[in-house]
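Peer 1: Next up is a structure, given as structure tokens.
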Amino acid sequence: KRVYITMKMNKEVVMVRLSDIIPNRFQPRLTFDEEALNELANSIKEHGIIQPLVVRRIQDKFEIIAGERRYKAATLVGMKKVPCIVMNLNDNESAEVAVIENIQRKETSLEEAKSFKKILDKGYLTQDELAKRMGKSQSSIANKLRLLNLDELVQDAILNGKISERHARSILKLDNKEDQRKVLSE
């Protein structure tokens with residue numbers, strides 16, 4: 001399934017000062033692999049930024065919509081300006097684009113769940129409407145959201161790639177958090 005969101009986008013690449021860029025408040029990705037970030041920083045130092053960040057203007061700053069890893073890596077290598085494409089999006093559209101961009105980059109199922117919850121908590125979409133926009137089934141959205149009912153240690157295991165979503169859903173059958181932790185350790 002393909003997801004299409006109509007957006008107002010300036011196709012022009014502009015150079016924006018890093019000091020004028022702020023992270024996305026709706027960033028779905030919760031963890032950034034430090035080693036991979038350092039590798040990206042080395043690549044940027046050697047070759048520059050190949051793919052511009054996507055940002056939107058918020059007062060006198062630019063909020064990242066897509067490209068937070070590139071932003072972090074550019075900061076690590078001491079760049080002063082980065083190439084950006086500026087989009088004209090409201091908060092809801094920005095949150096949706098951030099989720100879509102991270103899904104396409106394959107975030108963890110827990111990060112997806114937290115992203116979906118953030119959008120649903122805004123109250124402008126139902127689970128079914130969100131599913132259609134994301135190109136997923138409503139049951140897929142519901143299953144991801146159920147992961148948020150897991151014990152914190154189990155959620156950390158998902159985030160760190162120690163267990164899969166399938167393993168996590170098996171653990172969900174246990175209502176007691178202590179039992180969930182016990183099964184996780186086994």
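So you can find residues: chains in the structure tokens are A, B, ... in the order shown, residues in each start at 1, and ligands are numbered from 1 in order.
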Which residues of stretch 55-130 of chain A sit at most 8 Å from stretch 37-47 of chain A, using only C-alpha atoms? Give each one's shortest atom pair and distance in Å (one decimal place), in chain and ascending residue order, as a Markdown table.
Peer 2:
```
| residue | atom | partner | partner_atom | distance |
| --- | --- | --- | --- | --- |
| A:Arg69 | CA | A:Leu37 | CA | 6.8 |
| A:Arg70 | CA | A:Leu40 | CA | 7.4 |
| A:Lys72 | CA | A:Leu37 | CA | 7.7 |
| A:Ala73 | CA | A:Ala41 | CA | 4.4 |
| A:Ala74 | CA | A:Ala41 | CA | 6.3 |
| A:Leu76 | CA | A:Ala41 | CA | 6.5 |
| A:Val77 | CA | A:Ala41 | CA | 6.2 |
```
Peer 1: Hey, what's within 10 Å of A:Asn90 if we count only C-alpha atoms and toss same-chain stuff fewer than 5 positions away? As number ranges by chain, please?
Peer 2: A: 56-58, 95
Peer 1: Output N, CA, C and O atoms for every residue in the selection just made, as a PDB file, in the first residue's frame.
Peer 2:
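Final output, again-v4.pdb:
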```
ATOM      1  N   ARG A  56      10.358  22.722   8.833  1.00  0.00           N
ATOM      2  CA  ARG A  56       9.265  23.686   8.700  1.00  0.00           C
ATOM      3  C   ARG A  56       9.601  24.874   9.584  1.00  0.00           C
ATOM      4  O   ARG A  56      10.283  24.738  10.603  1.00  0.00           O
ATOM      5  N   ARG A  57       9.123  26.028   9.154  1.00  0.00           N
ATOM      6  CA  ARG A  57       9.399  27.258   9.908  1.00  0.00           C
ATOM      7  C   ARG A  57       8.453  27.344  11.103  1.00  0.00           C
ATOM      8  O   ARG A  57       7.261  27.133  10.983  1.00  0.00           O
ATOM      9  N   ILE A  58       9.035  27.623  12.273  1.00  0.00           N
ATOM     10  CA  ILE A  58       8.265  27.900  13.485  1.00  0.00           C
ATOM     11  C   ILE A  58       8.849  29.182  14.059  1.00  0.00           C
ATOM     12  O   ILE A  58       9.952  29.164  14.612  1.00  0.00           O
ATOM     13  N   ALA A  95       3.571  15.854  12.394  1.00  0.00           N
ATOM     14  CA  ALA A  95       3.620  14.599  13.160  1.00  0.00           C
ATOM     15  C   ALA A  95       3.434  13.404  12.233  1.00  0.00           C
ATOM     16  O   ALA A  95       4.133  12.397  12.350  1.00  0.00           O
TER      17      ALA A  95
END
```
Peer 1: For atom CA of A:Lys117 and atom CA of A:Leu174, quote the distance in Å rounded to one decimal.
Peer 2: 21.9 Å
Peer 1: Would you please extract all strand (DSSP E or B) residues from stretch 30-81 of chain A, as assigned by DSSP on the backbone, and give them as a PyMOL selection string?
Peer 2: chain A and resi 53-58+61-66+81
Peer 1: Next, the residues of the selection above should be written as a JSON list (two decimals), in the first residue's frame with N, CA and C atoms.
Peer 2:
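Final file, again.json:
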```json
[["chain", "number", "residue", "atom", "x", "y", "z"],
["A", 53, "LEU", "N", 17.91, 17.94, 4.90],
["A", 53, "LEU", "CA", 16.93, 17.78, 5.97],
["A", 53, "LEU", "C", 15.62, 18.39, 5.47],
["A", 54, "VAL", "N", 14.52, 17.93, 6.00],
["A", 54, "VAL", "CA", 13.22, 18.54, 5.70],
["A", 54, "VAL", "C", 12.79, 19.23, 6.99],
["A", 55, "VAL", "N", 12.48, 20.53, 6.88],
["A", 55, "VAL", "CA", 12.15, 21.33, 8.05],
["A", 55, "VAL", "C", 10.89, 22.14, 7.77],
["A", 56, "ARG", "N", 10.36, 22.72, 8.83],
["A", 56, "ARG", "CA", 9.27, 23.69, 8.70],
["A", 56, "ARG", "C", 9.60, 24.87, 9.58],
["A", 57, "ARG", "N", 9.12, 26.03, 9.15],
["A", 57, "ARG", "CA", 9.40, 27.26, 9.91],
["A", 57, "ARG", "C", 8.45, 27.34, 11.10],
["A", 58, "ILE", "N", 9.04, 27.62, 12.27],
["A", 58, "ILE", "CA", 8.26, 27.90, 13.49],
["A", 58, "ILE", "C", 8.85, 29.18, 14.06],
["A", 61, "LYS", "N", 12.65, 29.99, 14.00],
["A", 61, "LYS", "CA", 13.44, 28.75, 13.96],
["A", 61, "LYS", "C", 12.89, 27.82, 12.87],
["A", 62, "PHE", "N", 13.61, 26.71, 12.66],
["A", 62, "PHE", "CA", 13.18, 25.68, 11.73],
["A", 62, "PHE", "C", 13.12, 24.37, 12.51],
["A", 63, "GLU", "N", 11.96, 23.73, 12.51],
["A", 63, "GLU", "CA", 11.80, 22.46, 13.21],
["A", 63, "GLU", "C", 12.01, 21.32, 12.22],
["A", 64, "ILE", "N", 12.77, 20.33, 12.65],
["A", 64, "ILE", "CA", 13.07, 19.17, 11.80],
["A", 64, "ILE", "C", 11.80, 18.33, 11.62],
["A", 65, "ILE", "N", 11.52, 17.98, 10.39],
["A", 65, "ILE", "CA", 10.45, 17.04, 10.08],
["A", 65, "ILE", "C", 11.08, 15.69, 9.77],
["A", 66, "ALA", "N", 12.14, 15.71, 8.97],
["A", 66, "ALA", "CA", 12.87, 14.49, 8.63],
["A", 66, "ALA", "C", 14.35, 14.82, 8.56],
["A", 81, "LYS", "N", 26.18, 25.23, 8.86],
["A", 81, "LYS", "CA", 24.95, 25.27, 8.06],
["A", 81, "LYS", "C", 24.73, 23.91, 7.42]]
```
Peer 1: Please return as a VMD selection string: the residues of stretch 31-132 of chain A that backbone DSSP assigns to alpha helix (DSSP H).
Peer 2: chain A and resid 34 to 47 68 to 76 91 to 104 109 to 121 127 to 132
Peer 1: Pick out the closest residue to A:Val13 from this set: A:Ala113, A:Ile50, A:Val154, A:Met134. Count only C-alpha atoms.
Peer 2: A:Ile50
Peer 1: Just checking: using only C-alpha atoms, which residue out of A:Glu165, A:Pro83, A:Ser139, A:Ser115 ends up closest to A:Glu12?
Peer 2: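 With only C-alpha atoms as the atom set, the closest residue is A:Pro83.
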Peer 1: Can you measure atom CA of A:Asn92 to atom CA of A:Ile158 for me? One decimal in Å is fine.
Peer 2: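 One can read the atom CA of A:Asn92 to atom CA of A:Ile158 distance as 26.8 Å.
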Peer 1: Restricting the calculation to only C-alpha atoms, which member of A:Ile49, A:Gly78, A:Ser109, A:Gln127 is positioned closest to A:Ala168?
Peer 2: A:Ser109
